[in-house]
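Enquirer: My file is structure_14.cif. It has mmCIF, C-alpha atoms and all ligand atoms:
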```
data_coords
#
loop_
_atom_site.label_atom_id
_atom_site.label_comp_id
_atom_site.auth_asym_id
_atom_site.auth_seq_id
_atom_site.Cartn_x
_atom_site.Cartn_y
_atom_site.Cartn_z
CA MET Z 1 -30.62 -7.48 9.03
CA SER Z 2 -27.13 -8.87 9.37
CA LYS Z 3 -26.73 -12.44 10.57
CA PHE Z 4 -23.39 -11.54 12.15
CA LYS Z 5 -22.23 -10.03 15.44
CA PHE Z 6 -19.47 -7.45 15.23
CA SER Z 7 -16.49 -6.58 17.42
CA VAL Z 8 -13.85 -3.87 17.51
CA GLY Z 9 -10.88 -2.80 19.63
CA PRO Z 10 -10.40 0.49 21.51
CA TRP Z 11 -7.19 1.07 19.49
CA ASN Z 12 -9.39 1.48 16.41
CA VAL Z 13 -10.39 4.91 17.68
CA ALA Z 14 -7.03 6.60 18.06
CA PRO Z 15 -5.40 10.03 17.86
CA GLY Z 16 -3.87 9.31 14.45
CA ALA Z 17 -0.15 9.25 15.17
CA ASP Z 18 1.87 6.97 12.91
CA SER Z 19 5.54 6.33 12.20
CA TYR Z 20 5.63 9.35 9.90
CA GLY Z 21 3.75 11.97 11.87
CA PRO Z 22 2.36 13.00 15.25
CA ALA Z 23 -1.22 12.76 16.55
CA THR Z 24 -3.95 14.72 14.77
CA ARG Z 25 -6.89 14.03 17.10
CA ASN Z 26 -7.57 14.02 20.83
CA ASP Z 27 -7.56 10.82 22.83
CA VAL Z 28 -10.99 9.45 23.71
CA ASP Z 29 -11.87 8.03 27.11
CA PHE Z 30 -12.34 4.22 27.19
CA GLU Z 31 -15.90 4.28 28.50
CA GLU Z 32 -16.91 6.82 25.84
CA LYS Z 33 -15.54 4.46 23.18
CA VAL Z 34 -17.50 1.51 24.57
CA LYS Z 35 -20.67 3.61 24.62
CA ARG Z 36 -20.18 4.67 21.00
CA PHE Z 37 -19.31 1.11 19.90
CA ALA Z 38 -22.60 -0.09 21.40
CA GLU Z 39 -24.51 2.71 19.67
CA LEU Z 40 -22.90 1.83 16.34
CA GLY Z 41 -24.15 -1.75 16.64
CA PHE Z 42 -21.09 -3.63 17.88
CA SER Z 43 -21.67 -6.49 20.34
CA ALA Z 44 -18.17 -7.03 21.67
CA VAL Z 45 -14.91 -5.27 22.44
CA GLN Z 46 -11.46 -6.70 21.65
CA PHE Z 47 -8.70 -5.92 24.13
CA HIS Z 48 -4.98 -5.73 24.51
CA ASP Z 49 -4.07 -6.72 28.07
CA ASP Z 50 -3.09 -3.12 28.84
CA ASP Z 51 -6.20 -1.67 27.17
CA ALA Z 52 -8.07 -3.42 29.97
CA VAL Z 53 -5.47 -2.87 32.71
CA PRO Z 54 -3.15 0.07 32.02
CA ASN Z 55 0.17 0.00 33.94
CA MET Z 56 -0.31 -3.69 34.59
CA ASN Z 57 3.45 -4.27 34.99
CA ASN Z 58 3.27 -2.40 38.28
CA LEU Z 59 0.33 -4.36 39.68
CA THR Z 60 0.06 -7.70 41.47
CA GLU Z 61 -1.89 -10.57 39.95
CA GLU Z 62 -4.82 -9.90 42.27
CA GLU Z 63 -4.76 -6.15 41.53
CA ILE Z 64 -4.80 -6.91 37.80
CA LYS Z 65 -7.88 -9.12 38.19
CA ALA Z 66 -9.60 -6.44 40.30
CA GLU Z 67 -8.94 -3.81 37.60
CA ALA Z 68 -10.29 -6.18 34.94
CA ARG Z 69 -13.49 -6.61 36.94
CA LYS Z 70 -14.01 -2.83 36.79
CA VAL Z 71 -13.73 -2.99 33.01
CA LYS Z 72 -16.27 -5.83 32.96
CA GLN Z 73 -18.70 -3.53 34.76
CA ILE Z 74 -18.30 -0.92 32.04
CA LEU Z 75 -18.94 -3.57 29.37
CA ASP Z 76 -22.03 -4.80 31.26
CA LYS Z 77 -23.35 -1.25 31.56
CA TYR Z 78 -23.49 -0.99 27.75
CA GLY Z 79 -24.52 -4.60 27.08
CA MET Z 80 -21.17 -5.41 25.47
CA ALA Z 81 -19.18 -8.65 25.66
CA ALA Z 82 -15.39 -9.04 25.53
CA GLU Z 83 -14.12 -11.06 22.57
CA PHE Z 84 -10.44 -11.62 23.36
CA VAL Z 85 -7.36 -10.31 25.12
CA ALA Z 86 -4.02 -9.90 23.31
CA PRO Z 87 -0.74 -9.37 25.24
CA ARG Z 88 0.73 -6.13 23.84
CA LEU Z 89 4.35 -7.19 24.15
CA TRP Z 90 5.66 -5.09 21.29
CA MET Z 91 5.00 -1.86 23.18
CA ASP Z 92 6.90 -2.93 26.27
CA PRO Z 93 10.54 -2.01 27.01
CA HIS Z 94 11.12 -5.57 28.32
CA THR Z 95 10.40 -7.17 24.97
CA ILE Z 96 11.86 -4.87 22.34
CA ASP Z 97 13.67 -7.81 20.76
CA GLY Z 98 10.80 -10.27 20.93
CA GLY Z 99 8.56 -11.76 23.57
CA PHE Z 100 8.08 -15.50 23.31
CA MET Z 101 11.02 -15.74 20.92
CA SER Z 102 13.36 -13.24 22.52
CA THR Z 103 16.94 -14.45 22.85
CA SER Z 104 16.85 -13.19 26.45
CA ALA Z 105 15.51 -15.80 28.92
CA GLU Z 106 14.44 -13.01 31.26
CA ASP Z 107 12.40 -11.32 28.53
CA ARG Z 108 10.79 -14.63 27.56
CA GLU Z 109 9.79 -15.09 31.18
CA PHE Z 110 8.26 -11.61 31.21
CA ALA Z 111 6.37 -12.44 28.00
CA MET Z 112 4.92 -15.53 29.68
CA TRP Z 113 3.94 -13.46 32.71
CA ARG Z 114 2.00 -11.13 30.40
CA ALA Z 115 0.46 -14.11 28.58
CA TYR Z 116 -0.76 -15.63 31.87
CA ARG Z 117 -2.09 -12.26 33.00
CA SER Z 118 -3.86 -11.90 29.63
CA ILE Z 119 -5.57 -15.22 30.33
CA ASP Z 120 -6.53 -14.00 33.83
CA ILE Z 121 -7.92 -10.76 32.37
CA ALA Z 122 -9.83 -12.69 29.68
CA ARG Z 123 -11.43 -14.81 32.39
CA GLU Z 124 -12.46 -11.75 34.42
CA LEU Z 125 -13.91 -10.16 31.28
CA GLY Z 126 -15.88 -13.35 30.57
CA CYS Z 127 -14.07 -14.57 27.44
CA ASP Z 128 -12.00 -17.62 26.61
CA MET Z 129 -9.65 -16.41 23.89
CA VAL Z 130 -6.18 -14.93 23.78
CA VAL Z 131 -4.96 -13.47 20.49
CA LEU Z 132 -1.27 -13.51 19.69
CA TRP Z 133 -0.15 -10.90 17.22
CA LEU Z 134 3.52 -11.85 17.13
CA ALA Z 135 4.94 -8.40 16.53
CA ARG Z 136 8.67 -7.83 17.05
CA GLU Z 137 9.09 -11.60 17.27
CA GLY Z 138 10.99 -11.88 14.03
CA THR Z 139 14.36 -10.40 13.51
CA LEU Z 140 15.73 -7.25 11.98
CA CYS Z 141 19.08 -8.94 11.56
CA ALA Z 142 18.56 -12.33 9.95
CA GLU Z 143 21.55 -13.94 11.67
CA SER Z 144 20.64 -12.80 15.19
CA LYS Z 145 18.10 -15.54 15.77
CA SER Z 146 17.52 -19.01 14.37
CA PRO Z 147 14.09 -19.35 12.74
CA VAL Z 148 14.05 -23.02 13.78
CA TRP Z 149 14.67 -22.17 17.43
CA ALA Z 150 12.21 -19.23 17.32
CA THR Z 151 9.42 -21.41 15.91
CA LYS Z 152 10.02 -24.02 18.61
CA MET Z 153 9.95 -21.31 21.29
CA LEU Z 154 6.57 -20.16 20.00
CA VAL Z 155 5.14 -23.68 20.25
CA GLU Z 156 6.58 -24.01 23.76
CA ALA Z 157 5.02 -20.69 24.84
CA ILE Z 158 1.61 -21.71 23.49
CA ASN Z 159 1.87 -25.09 25.24
CA LYS Z 160 2.49 -23.29 28.53
CA MET Z 161 -0.61 -21.10 27.98
CA LEU Z 162 -2.72 -24.17 27.13
CA ALA Z 163 -1.49 -25.89 30.30
CA TYR Z 164 -2.06 -22.78 32.46
CA ASP Z 165 -5.78 -22.77 31.66
CA PRO Z 166 -7.40 -26.00 30.48
CA THR Z 167 -10.09 -24.31 28.39
CA ILE Z 168 -8.43 -21.14 27.09
CA ARG Z 169 -8.18 -20.88 23.28
CA ILE Z 170 -5.09 -19.39 21.65
CA CYS Z 171 -5.63 -17.57 18.38
CA ILE Z 172 -2.63 -16.51 16.29
CA GLU Z 173 -3.02 -13.45 14.05
CA PRO Z 174 -0.54 -14.07 11.24
CA LYS Z 175 1.34 -11.26 9.53
CA PRO Z 176 4.18 -11.67 7.07
CA ASN Z 177 6.23 -8.83 8.56
CA GLU Z 178 7.28 -8.35 12.14
CA PRO Z 179 5.88 -5.66 11.48
CA ILE Z 180 8.71 -4.06 9.53
CA ASP Z 181 10.78 -7.06 8.46
CA ARG Z 182 10.49 -10.84 8.15
CA SER Z 183 8.33 -12.75 10.62
CA ILE Z 184 8.02 -16.27 12.01
CA CYS Z 185 4.32 -16.93 11.52
CA GLY Z 186 3.31 -15.19 8.31
CA THR Z 187 0.15 -16.84 6.98
CA MET Z 188 -2.76 -19.09 7.94
CA GLY Z 189 -0.69 -22.03 6.71
CA HIS Z 190 1.95 -21.25 9.33
CA VAL Z 191 -0.76 -20.93 11.97
CA MET Z 192 -2.16 -24.36 11.13
CA ALA Z 193 1.29 -25.95 11.33
CA VAL Z 194 2.01 -24.32 14.70
CA SER Z 195 -1.42 -25.40 15.93
CA ALA Z 196 -0.76 -29.01 14.93
CA ALA Z 197 2.55 -28.97 16.81
CA THR Z 198 0.99 -27.97 20.16
CA ILE Z 199 -0.32 -30.20 22.93
CA ASP Z 200 -3.95 -29.37 22.07
CA PRO Z 201 -4.46 -28.33 18.42
CA SER Z 202 -8.22 -28.11 18.99
CA ARG Z 203 -7.60 -25.00 21.11
CA VAL Z 204 -5.16 -23.23 18.77
CA GLY Z 205 -6.45 -21.44 15.69
CA GLY Z 206 -6.17 -18.23 13.75
CA ASN Z 207 -7.38 -14.66 13.32
CA LEU Z 208 -7.27 -13.69 9.67
CA GLU Z 209 -6.65 -10.01 9.05
CA SER Z 210 -7.43 -8.95 5.47
CA ALA Z 211 -4.55 -6.44 5.29
CA HIS Z 212 -2.02 -8.98 6.56
CA ALA Z 213 -3.07 -11.44 3.83
CA VAL Z 214 -2.68 -8.73 1.19
CA LEU Z 215 0.78 -7.92 2.59
CA ALA Z 216 1.65 -11.61 2.13
CA GLY Z 217 0.50 -11.37 -1.49
CA LEU Z 218 -2.47 -13.63 -0.73
CA ASP Z 219 -6.21 -13.33 -1.17
CA PRO Z 220 -7.85 -12.76 2.25
CA ALA Z 221 -10.94 -14.72 1.17
CA HIS Z 222 -8.78 -17.76 0.42
CA GLU Z 223 -6.93 -17.44 3.71
CA ILE Z 224 -10.31 -17.32 5.48
CA GLY Z 225 -11.47 -20.31 3.44
CA PHE Z 226 -8.35 -22.31 4.27
CA ALA Z 227 -8.76 -21.72 8.01
CA LEU Z 228 -12.48 -22.51 7.81
CA ALA Z 229 -11.72 -25.79 6.02
CA MET Z 230 -9.45 -26.73 8.91
CA GLY Z 231 -12.12 -25.73 11.45
CA LYS Z 232 -9.73 -23.20 12.95
CA LEU Z 233 -10.98 -19.72 12.09
CA MET Z 234 -11.49 -18.30 15.58
CA THR Z 235 -11.97 -14.68 14.56
CA VAL Z 236 -11.27 -12.22 11.75
CA HIS Z 237 -9.80 -8.73 11.52
CA LEU Z 238 -11.50 -7.33 8.47
CA ASN Z 239 -10.00 -4.21 6.92
CA ASP Z 240 -8.31 -3.30 3.65
CA GLN Z 241 -4.88 -2.59 2.26
CA ASN Z 242 -3.65 -0.91 -0.90
CA GLY Z 243 -0.89 -3.25 -2.02
CA ILE Z 244 2.40 -4.00 -0.35
CA ARG Z 245 3.03 -0.80 1.57
CA TYR Z 246 3.13 -0.14 5.30
CA ASP Z 247 0.21 -1.58 7.27
CA GLN Z 248 -2.75 0.65 6.41
CA ASP Z 249 -5.76 -0.91 8.22
CA LYS Z 250 -8.13 0.90 5.85
CA SER Z 251 -11.90 0.60 6.12
CA PHE Z 252 -13.22 -2.76 4.99
CA GLY Z 253 -13.72 -2.98 1.22
CA VAL Z 254 -12.54 0.50 0.24
CA GLU Z 255 -9.56 -0.72 -1.80
CA ASN Z 256 -10.51 -4.21 -2.95
CA LEU Z 257 -14.28 -4.43 -3.18
CA ARG Z 258 -14.48 -7.75 -5.04
CA SER Z 259 -12.15 -9.38 -2.54
CA ALA Z 260 -14.22 -7.89 0.30
CA PHE Z 261 -17.35 -9.39 -1.28
CA ASN Z 262 -15.64 -12.77 -1.41
CA GLN Z 263 -14.59 -12.50 2.22
CA VAL Z 264 -18.19 -11.90 3.27
CA LYS Z 265 -19.33 -14.65 0.90
CA VAL Z 266 -16.97 -17.30 2.25
CA LEU Z 267 -17.87 -16.41 5.85
CA LYS Z 268 -21.59 -16.56 5.15
CA GLU Z 269 -21.53 -19.73 3.04
CA ASN Z 270 -19.65 -21.62 5.74
CA GLY Z 271 -21.69 -20.77 8.81
CA TYR Z 272 -19.12 -18.47 10.36
CA GLY Z 273 -20.68 -17.02 13.50
CA ASP Z 274 -22.85 -20.07 14.24
CA ASN Z 275 -20.58 -20.96 17.14
CA GLY Z 276 -20.48 -17.43 18.51
CA GLU Z 277 -17.62 -16.12 16.36
CA TYR Z 278 -17.57 -12.36 15.84
CA VAL Z 279 -16.85 -10.42 12.69
CA GLY Z 280 -14.03 -8.31 14.06
CA LEU Z 281 -12.83 -5.09 12.48
CA ASP Z 282 -9.28 -3.78 12.72
CA VAL Z 283 -9.57 -0.44 10.97
CA LYS Z 284 -7.95 2.95 11.50
CA ALA Z 285 -9.27 6.38 10.60
CA MET Z 286 -7.28 8.25 7.98
CA ARG Z 287 -4.74 10.50 9.64
CA THR Z 288 -6.44 13.64 8.32
CA THR Z 289 -9.78 12.73 9.93
CA LYS Z 290 -11.21 15.37 12.30
CA ASP Z 291 -12.11 14.62 15.92
CA GLU Z 292 -15.84 14.67 15.24
CA ASP Z 293 -15.40 12.07 12.49
CA GLY Z 294 -13.29 9.70 14.59
CA TYR Z 295 -15.79 6.81 14.28
CA LYS Z 296 -16.72 7.21 10.61
CA HIS Z 297 -14.30 4.49 9.45
CA LEU Z 298 -16.06 2.05 11.77
CA GLU Z 299 -19.48 3.07 10.52
CA ASN Z 300 -18.30 2.84 6.91
CA SER Z 301 -16.77 -0.59 7.43
CA LEU Z 302 -19.97 -1.90 9.02
CA ASN Z 303 -22.12 -0.43 6.27
CA ILE Z 304 -19.91 -1.84 3.53
CA PHE Z 305 -19.91 -5.27 5.20
CA LYS Z 306 -23.70 -5.26 5.52
CA ALA Z 307 -24.21 -4.06 1.96
CA LEU Z 308 -21.95 -6.88 0.73
CA GLU Z 309 -23.85 -9.35 2.92
CA GLU Z 310 -26.98 -8.28 1.09
CA LYS Z 311 -25.21 -8.84 -2.25
CA VAL Z 312 -24.21 -12.32 -1.09
CA ASP Z 313 -27.86 -13.02 -0.22
CA ARG Z 314 -28.82 -12.05 -3.77
CA PHE Z 315 -26.01 -14.02 -5.39
CA ASP Z 316 -27.56 -16.21 -8.08
CA TYR Z 317 -26.17 -19.68 -7.35
CA ASP Z 318 -28.19 -21.22 -10.22
CA PHE Z 319 -26.56 -18.86 -12.67
CA GLN Z 320 -23.16 -19.58 -11.12
CA LYS Z 321 -23.76 -23.34 -11.53
CA LYS Z 322 -24.77 -22.86 -15.15
CA CYS Z 323 -21.67 -20.80 -15.89
CA VAL Z 324 -19.45 -23.42 -14.29
CA GLU Z 325 -21.13 -26.22 -16.26
CA THR Z 326 -20.68 -24.37 -19.55
CA ARG Z 327 -17.24 -23.11 -18.49
CA ASP Z 328 -18.37 -19.56 -19.15
CA PHE Z 329 -16.31 -17.83 -16.51
CA GLU Z 330 -16.37 -14.56 -18.46
CA ALA Z 331 -20.13 -14.47 -17.91
CA LEU Z 332 -19.77 -15.37 -14.24
CA GLU Z 333 -17.15 -12.69 -13.68
CA MET Z 334 -19.25 -10.07 -15.45
CA TYR Z 335 -22.26 -11.13 -13.36
CA VAL Z 336 -20.25 -10.52 -10.17
CA MET Z 337 -19.08 -7.13 -11.43
CA GLU Z 338 -22.63 -6.12 -12.34
CA LEU Z 339 -23.85 -7.28 -8.94
CA LEU Z 340 -21.19 -5.17 -7.22
CA MET Z 341 -21.82 -2.16 -9.48
CA GLY Z 342 -25.53 -2.27 -8.67
CA LEU Z 343 -26.52 -3.25 -12.21
CA LYS Z 344 -28.06 -6.54 -11.03
C1 LIG Q 401 -1.35 -4.97 13.51
C2 LIG Q 401 -2.33 -5.85 14.11
C3 LIG Q 401 -2.85 -5.36 15.44
C4 LIG Q 401 -3.52 -6.46 16.13
C5 LIG Q 401 -3.92 -6.14 17.53
C6 LIG Q 401 -4.47 -7.34 18.24
O1 LIG Q 401 -0.89 -5.16 12.43
O2 LIG Q 401 -3.37 -6.06 13.20
O3 LIG Q 401 -3.68 -4.26 15.29
O4 LIG Q 401 -4.65 -6.85 15.42
O5 LIG Q 401 -2.83 -5.67 18.18
O6 LIG Q 401 -3.57 -8.37 18.27
MG MG Q 402 -5.26 -6.98 13.45
#
```
Represent the supplied structure as structure tokens.
Ligand code: GLO
Ligand code: MG
Expert:
Amino acid sequence: MSKFKFSVGPWNVAPGADSYGPATRNDVDFEEKVKRFAELGFSAVQFHDDDAVPNMNNLTEEEIKAEARKVKQILDKYGMAAEFVAPRLWMDPHTIDGGFMSTSAEDREFAMWRAYRSIDIARELGCDMVVLWLAREGTLCAESKSPVWATKMLVEAINKMLAYDPTIRICIEPKPNEPIDRSICGTMGHVMAVSAATIDPSRVGGNLESAHAVLAGLDPAHEIGFALAMGKLMTVHLNDQNGIRYDQDKSFGVENLRSAFNQVKVLKENGYGDNGEYVGLDVKAMRTTKDEDGYKHLENSLNIFKALEEKVDRFDYDFQKKCVETRDFEALEMYVMELLMGLK
């Protein structure tokens, strides 16, 4: 029995289109996804603002809240909570050259409007967290935007969100690319620095995505550990990534099993989840997956996580201590490999 609660976003069940090819599966209705998520054992749904309220740009503030309340009813029907809301600025024609860090004042104002509406939607859905995935906030042309100015604009935008709602928490999901070139807030270290520069660091933390850490050339378990040490790991996006390629969002553990084990281990050893945090997945089905298998990557990720949790439970800390004392790291490493290979 897992000690964790799991969450997932509706975009994780998708028709399979990517930058290099069109859709391969049919779209699935939102309520059907929520129903299946509940059946698979998830406890919460993650949202983009427009996952919850499509066409929100054309609605008034009150209409947006009313639409969000309808979504809350669907969640309630299946016993699901909402984990967070993330403004999906990178898909909007207003913010093609950045949201909070756009060089256009009008676009920055639009980005703030979406951020405030995301907070309103979060409140209606019964959650207190907004995730910022700062896509398209970097620059394709290095000289078009000052990284100093852009970083300051990000802090200013977060301060405005913190002031708008006195208890909302802002969670930055770092990624070293924007997503196809350099970014402003690439790692957990950047997130911590931005957090410290805001008016209320206690309400600004991070969402560590395994694939994003790999893309930064870092170990996701260490990124998780760093944020945990700072008391600022608000959520995680577990998945996997085969090296420095395009963003793959593969099922958790399928590429880097030992690293996946260490991610579960560091979460479990440090009481992650004790304050209500969810183990979030951000995984995509392979493009060749058939319609009827459109949830298998979620099932696989959950099963791999739970199997690794069981390995962590069996981890022999006495043996580990002995190996450390005798500096026999070869033995410790082999022990871990045998544990993962099912030989222990
Ligand atoms: C892409 C991101 C993306 C976010 C999601 C929520 O690289 O991982 O999927 O997690 O939009 O912010
Ligand atoms: Mg993610």
Enquirer: Using atom CA of Glu124 of chain Z and atom MG of ligand MG 402 (chain Q) as the two end points, give the distance in Å to one decimal.
Expert: 22.7 Å
Enquirer: Can you tell me which residues surround segment 85-94 of chain Z at a distance of at most 6 Å, considering all atoms listed in the file, apart from same-chain residues fewer than 2 positions away, and format the answer as a list in words?
Expert: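 These residues fall inside the cut-off: Phe47, His48, Asp49, Ile96, Asp107, Ala115, Ser118, Ala122, Val130, Val131, Leu132, Ala135 and Arg136 of chain Z.
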Enquirer: Mind giving me the straight-line distance from atom O4 of ligand LIG 401 (chain Q) to atom CA of Ala213 of chain Z in Å, one decimal?
Expert: 12.6 Å
Enquirer: With distances taken over all atoms listed in the file, which residue among Z:Arg25, Z:Lys77, Z:His237, Z:Lys268 lies nearest ligand MG 402 (chain Q)?
Expert: Z:His237
Enquirer: With distances taken over all atoms listed in the file, which of Z:Leu154, Z:Met101, Z:Leu308, Z:Leu125 is nearest to Ala52 of chain Z?
Expert: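 With all atoms listed in the file as the atom set, the closest residue is Z:Leu125.
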Enquirer: Box in all listed atoms of segment 93-105 of chain Z, axis-aligned, with 5 Å more on each side; write out centre and edge lengths in Å to one decimal as AutoDock Vina command-line options.
Expert:
```
--center_x 12.5 --center_y -8.9 --center_z 24.8 --size_x 18.9 --size_y 23.8 --size_z 18.2
```
Enquirer: For atom CA of Val279 of chain Z and atom CA of Glu39 of chain Z, quote the distance in Å rounded to one decimal.
Expert: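 Separating atom CA of Val279 of chain Z from atom CA of Glu39 of chain Z is a distance of 16.7 Å.
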Enquirer: Counting only C-alpha atoms and all ligand atoms, which residues of chain Z fall within 10 Å of ligand LIG 401 (chain Q), and what is the closest atom pair for each with its distance in Å at one decimal, ordered by chain and rising number, as CSV?
Expert:
```
residue,atom,partner,partner_atom,distance
Z:Val8,CA,Q:LIG401,O4,9.9
Z:Gly9,CA,Q:LIG401,C6,8.0
Z:Trp11,CA,Q:LIG401,O3,7.6
Z:Asn12,CA,Q:LIG401,O3,8.2
Z:Gln46,CA,Q:LIG401,C6,7.8
Z:Phe47,CA,Q:LIG401,C6,7.4
Z:His48,CA,Q:LIG401,C6,6.5
Z:Asp49,CA,Q:LIG401,C6,9.9
Z:Phe84,CA,Q:LIG401,C6,9.0
Z:Val85,CA,Q:LIG401,C6,8.0
Z:Ala86,CA,Q:LIG401,O6,5.3
Z:Pro87,CA,Q:LIG401,O6,7.6
Z:Arg88,CA,Q:LIG401,O5,6.7
Z:Leu89,CA,Q:LIG401,O5,9.5
Z:Trp90,CA,Q:LIG401,O5,9.1
Z:Val130,CA,Q:LIG401,O6,9.0
Z:Val131,CA,Q:LIG401,O6,5.7
Z:Leu132,CA,Q:LIG401,O6,5.8
Z:Trp133,CA,Q:LIG401,O6,4.4
Z:Leu134,CA,Q:LIG401,O6,8.0
Z:Ala135,CA,Q:LIG401,C1,7.8
Z:Cys171,CA,Q:LIG401,O6,9.4
Z:Ile172,CA,Q:LIG401,O6,8.4
Z:Glu173,CA,Q:LIG401,O6,6.6
Z:Pro174,CA,Q:LIG401,O2,8.7
Z:Lys175,CA,Q:LIG401,O1,7.1
Z:Pro176,CA,Q:LIG401,O1,9.8
Z:Asn177,CA,Q:LIG401,O1,8.9
Z:Glu178,CA,Q:LIG401,O1,8.8
Z:Pro179,CA,Q:LIG401,O1,6.9
Z:Asn207,CA,Q:LIG401,O4,8.5
Z:Leu208,CA,Q:LIG401,O2,9.3
Z:Glu209,CA,Q:LIG401,O2,6.6
Z:Ser210,CA,Q:LIG401,O2,9.2
Z:Ala211,CA,Q:LIG401,O2,8.0
Z:His212,CA,Q:LIG401,O1,7.1
Z:Val236,CA,Q:LIG401,O4,9.3
Z:His237,CA,Q:LIG401,O4,6.7
Z:Leu238,CA,Q:LIG401,O2,9.5
Z:Asn239,CA,Q:LIG401,O2,9.3
Z:Tyr246,CA,Q:LIG401,O1,9.6
Z:Asp247,CA,Q:LIG401,O1,6.4
Z:Gln248,CA,Q:LIG401,O1,8.6
Z:Asp249,CA,Q:LIG401,O2,7.6
Z:Gly280,CA,Q:LIG401,O4,9.6
Z:Leu281,CA,Q:LIG401,O4,8.9
Z:Asp282,CA,Q:LIG401,O4,6.2
Z:Val283,CA,Q:LIG401,O3,8.2
Z:Lys284,CA,Q:LIG401,O3,9.2
```
Enquirer: Determine the nearest neighbour of Ser202 of chain Z from the options Z:Gly98, Z:Pro220, Z:Leu215, Z:Leu233, counting all atoms listed in the file.
Expert: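 Among the listed residues, the smallest separation from Ser202 of chain Z belongs to Z:Leu233.
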Enquirer: For ligand MG 402 (chain Q), which residue among Z:Phe110, Z:Asp240, Z:Lys65, Z:Leu298 is the nearest when counting only C-alpha atoms and all ligand atoms?
Expert: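 Of Z:Phe110, Z:Asp240, Z:Lys65, Z:Leu298, the one nearest ligand MG 402 (chain Q), counting only C-alpha atoms and all ligand atoms, is Z:Asp240.
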Enquirer: Residues around (-16.5, -13.3, 27.9), cut-off 7 Å, counting all atoms listed in the file - what are they as a ChimeraX atom specification?
Expert: /Z:81-83,122-123,125-128
Enquirer: Can I get the selection written as a PDB file, in the frame of the given file, with C-alpha atoms?
Expert:
```pdb
ATOM      1  CA  ALA Z  81     -19.180  -8.650  25.660  1.00  0.00           C
ATOM      2  CA  ALA Z  82     -15.390  -9.040  25.530  1.00  0.00           C
ATOM      3  CA  GLU Z  83     -14.120 -11.060  22.570  1.00  0.00           C
ATOM      4  CA  ALA Z 122      -9.830 -12.690  29.680  1.00  0.00           C
ATOM      5  CA  ARG Z 123     -11.430 -14.810  32.390  1.00  0.00           C
ATOM      6  CA  LEU Z 125     -13.910 -10.160  31.280  1.00  0.00           C
ATOM      7  CA  GLY Z 126     -15.880 -13.350  30.570  1.00  0.00           C
ATOM      8  CA  CYS Z 127     -14.070 -14.570  27.440  1.00  0.00           C
ATOM      9  CA  ASP Z 128     -12.000 -17.620  26.610  1.00  0.00           C
TER      10      ASP Z 128
END
```
Enquirer: Go through Z:Thr198, Z:Thr103, Z:Thr235, Z:Gln73 and flag the residue nearest ligand MG 402 (chain Q), using all atoms listed in the file for the distances.
Expert: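 Using all atoms listed in the file, the shortest distance to ligand MG 402 (chain Q) belongs to Z:Thr235.
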Enquirer: Check the smallest atom-to-atom distance from each of Z:Leu59, Z:Phe42, Z:Gly206, Z:Glu32 to ligand MG 402 (chain Q) using all atoms listed in the file, then report the winner.
Expert: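 Checking each of Z:Leu59, Z:Phe42, Z:Gly206, Z:Glu32 against ligand MG 402 (chain Q), counting all atoms listed in the file, the winner is Z:Gly206.
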Enquirer: Can you tell me, as a PyMOL selection string, which residues sit within 12 Å of (-1.0, 13.7, 13.8) in the file's frame, using all atoms listed in the file?
Expert: chain Z and resi 14-27+285-291
Enquirer: Taking the structure in the block just given, could you write segment 28-34 of chain Z with N, CA, C and O atoms, as an mmCIF file, in the first residue's frame?
Expert:
```cif
data_model
loop_
_atom_site.group_PDB
_atom_site.id
_atom_site.type_symbol
_atom_site.label_atom_id
_atom_site.label_comp_id
_atom_site.auth_asym_id
_atom_site.auth_seq_id
_atom_site.Cartn_x
_atom_site.Cartn_y
_atom_site.Cartn_z
ATOM 1 N N VAL Z 28 -10.206 12.815 -25.830
ATOM 2 C CA VAL Z 28 -11.070 12.195 -24.820
ATOM 3 C C VAL Z 28 -11.740 13.311 -24.021
ATOM 4 O O VAL Z 28 -11.098 14.300 -23.656
ATOM 5 N N ASP Z 29 -13.009 13.142 -23.758
ATOM 6 C CA ASP Z 29 -13.792 14.109 -23.015
ATOM 7 C C ASP Z 29 -13.236 14.284 -21.586
ATOM 8 O O ASP Z 29 -12.789 13.309 -20.965
ATOM 9 N N PHE Z 30 -13.281 15.517 -21.065
ATOM 10 C CA PHE Z 30 -12.680 15.809 -19.755
ATOM 11 C C PHE Z 30 -13.251 14.930 -18.641
ATOM 12 O O PHE Z 30 -12.514 14.352 -17.840
ATOM 13 N N GLU Z 31 -14.588 14.819 -18.613
ATOM 14 C CA GLU Z 31 -15.176 14.034 -17.510
ATOM 15 C C GLU Z 31 -14.745 12.566 -17.575
ATOM 16 O O GLU Z 31 -14.479 11.939 -16.550
ATOM 17 N N GLU Z 32 -14.658 12.037 -18.799
ATOM 18 C CA GLU Z 32 -14.207 10.651 -18.967
ATOM 19 C C GLU Z 32 -12.781 10.476 -18.402
ATOM 20 O O GLU Z 32 -12.476 9.487 -17.736
ATOM 21 N N LYS Z 33 -11.941 11.489 -18.653
ATOM 22 C CA LYS Z 33 -10.572 11.417 -18.112
ATOM 23 C C LYS Z 33 -10.600 11.388 -16.588
ATOM 24 O O LYS Z 33 -9.904 10.576 -15.954
ATOM 25 N N VAL Z 34 -11.394 12.263 -15.996
ATOM 26 C CA VAL Z 34 -11.444 12.339 -14.521
ATOM 27 C C VAL Z 34 -11.910 11.001 -13.954
ATOM 28 O O VAL Z 34 -11.342 10.485 -12.983
#
```
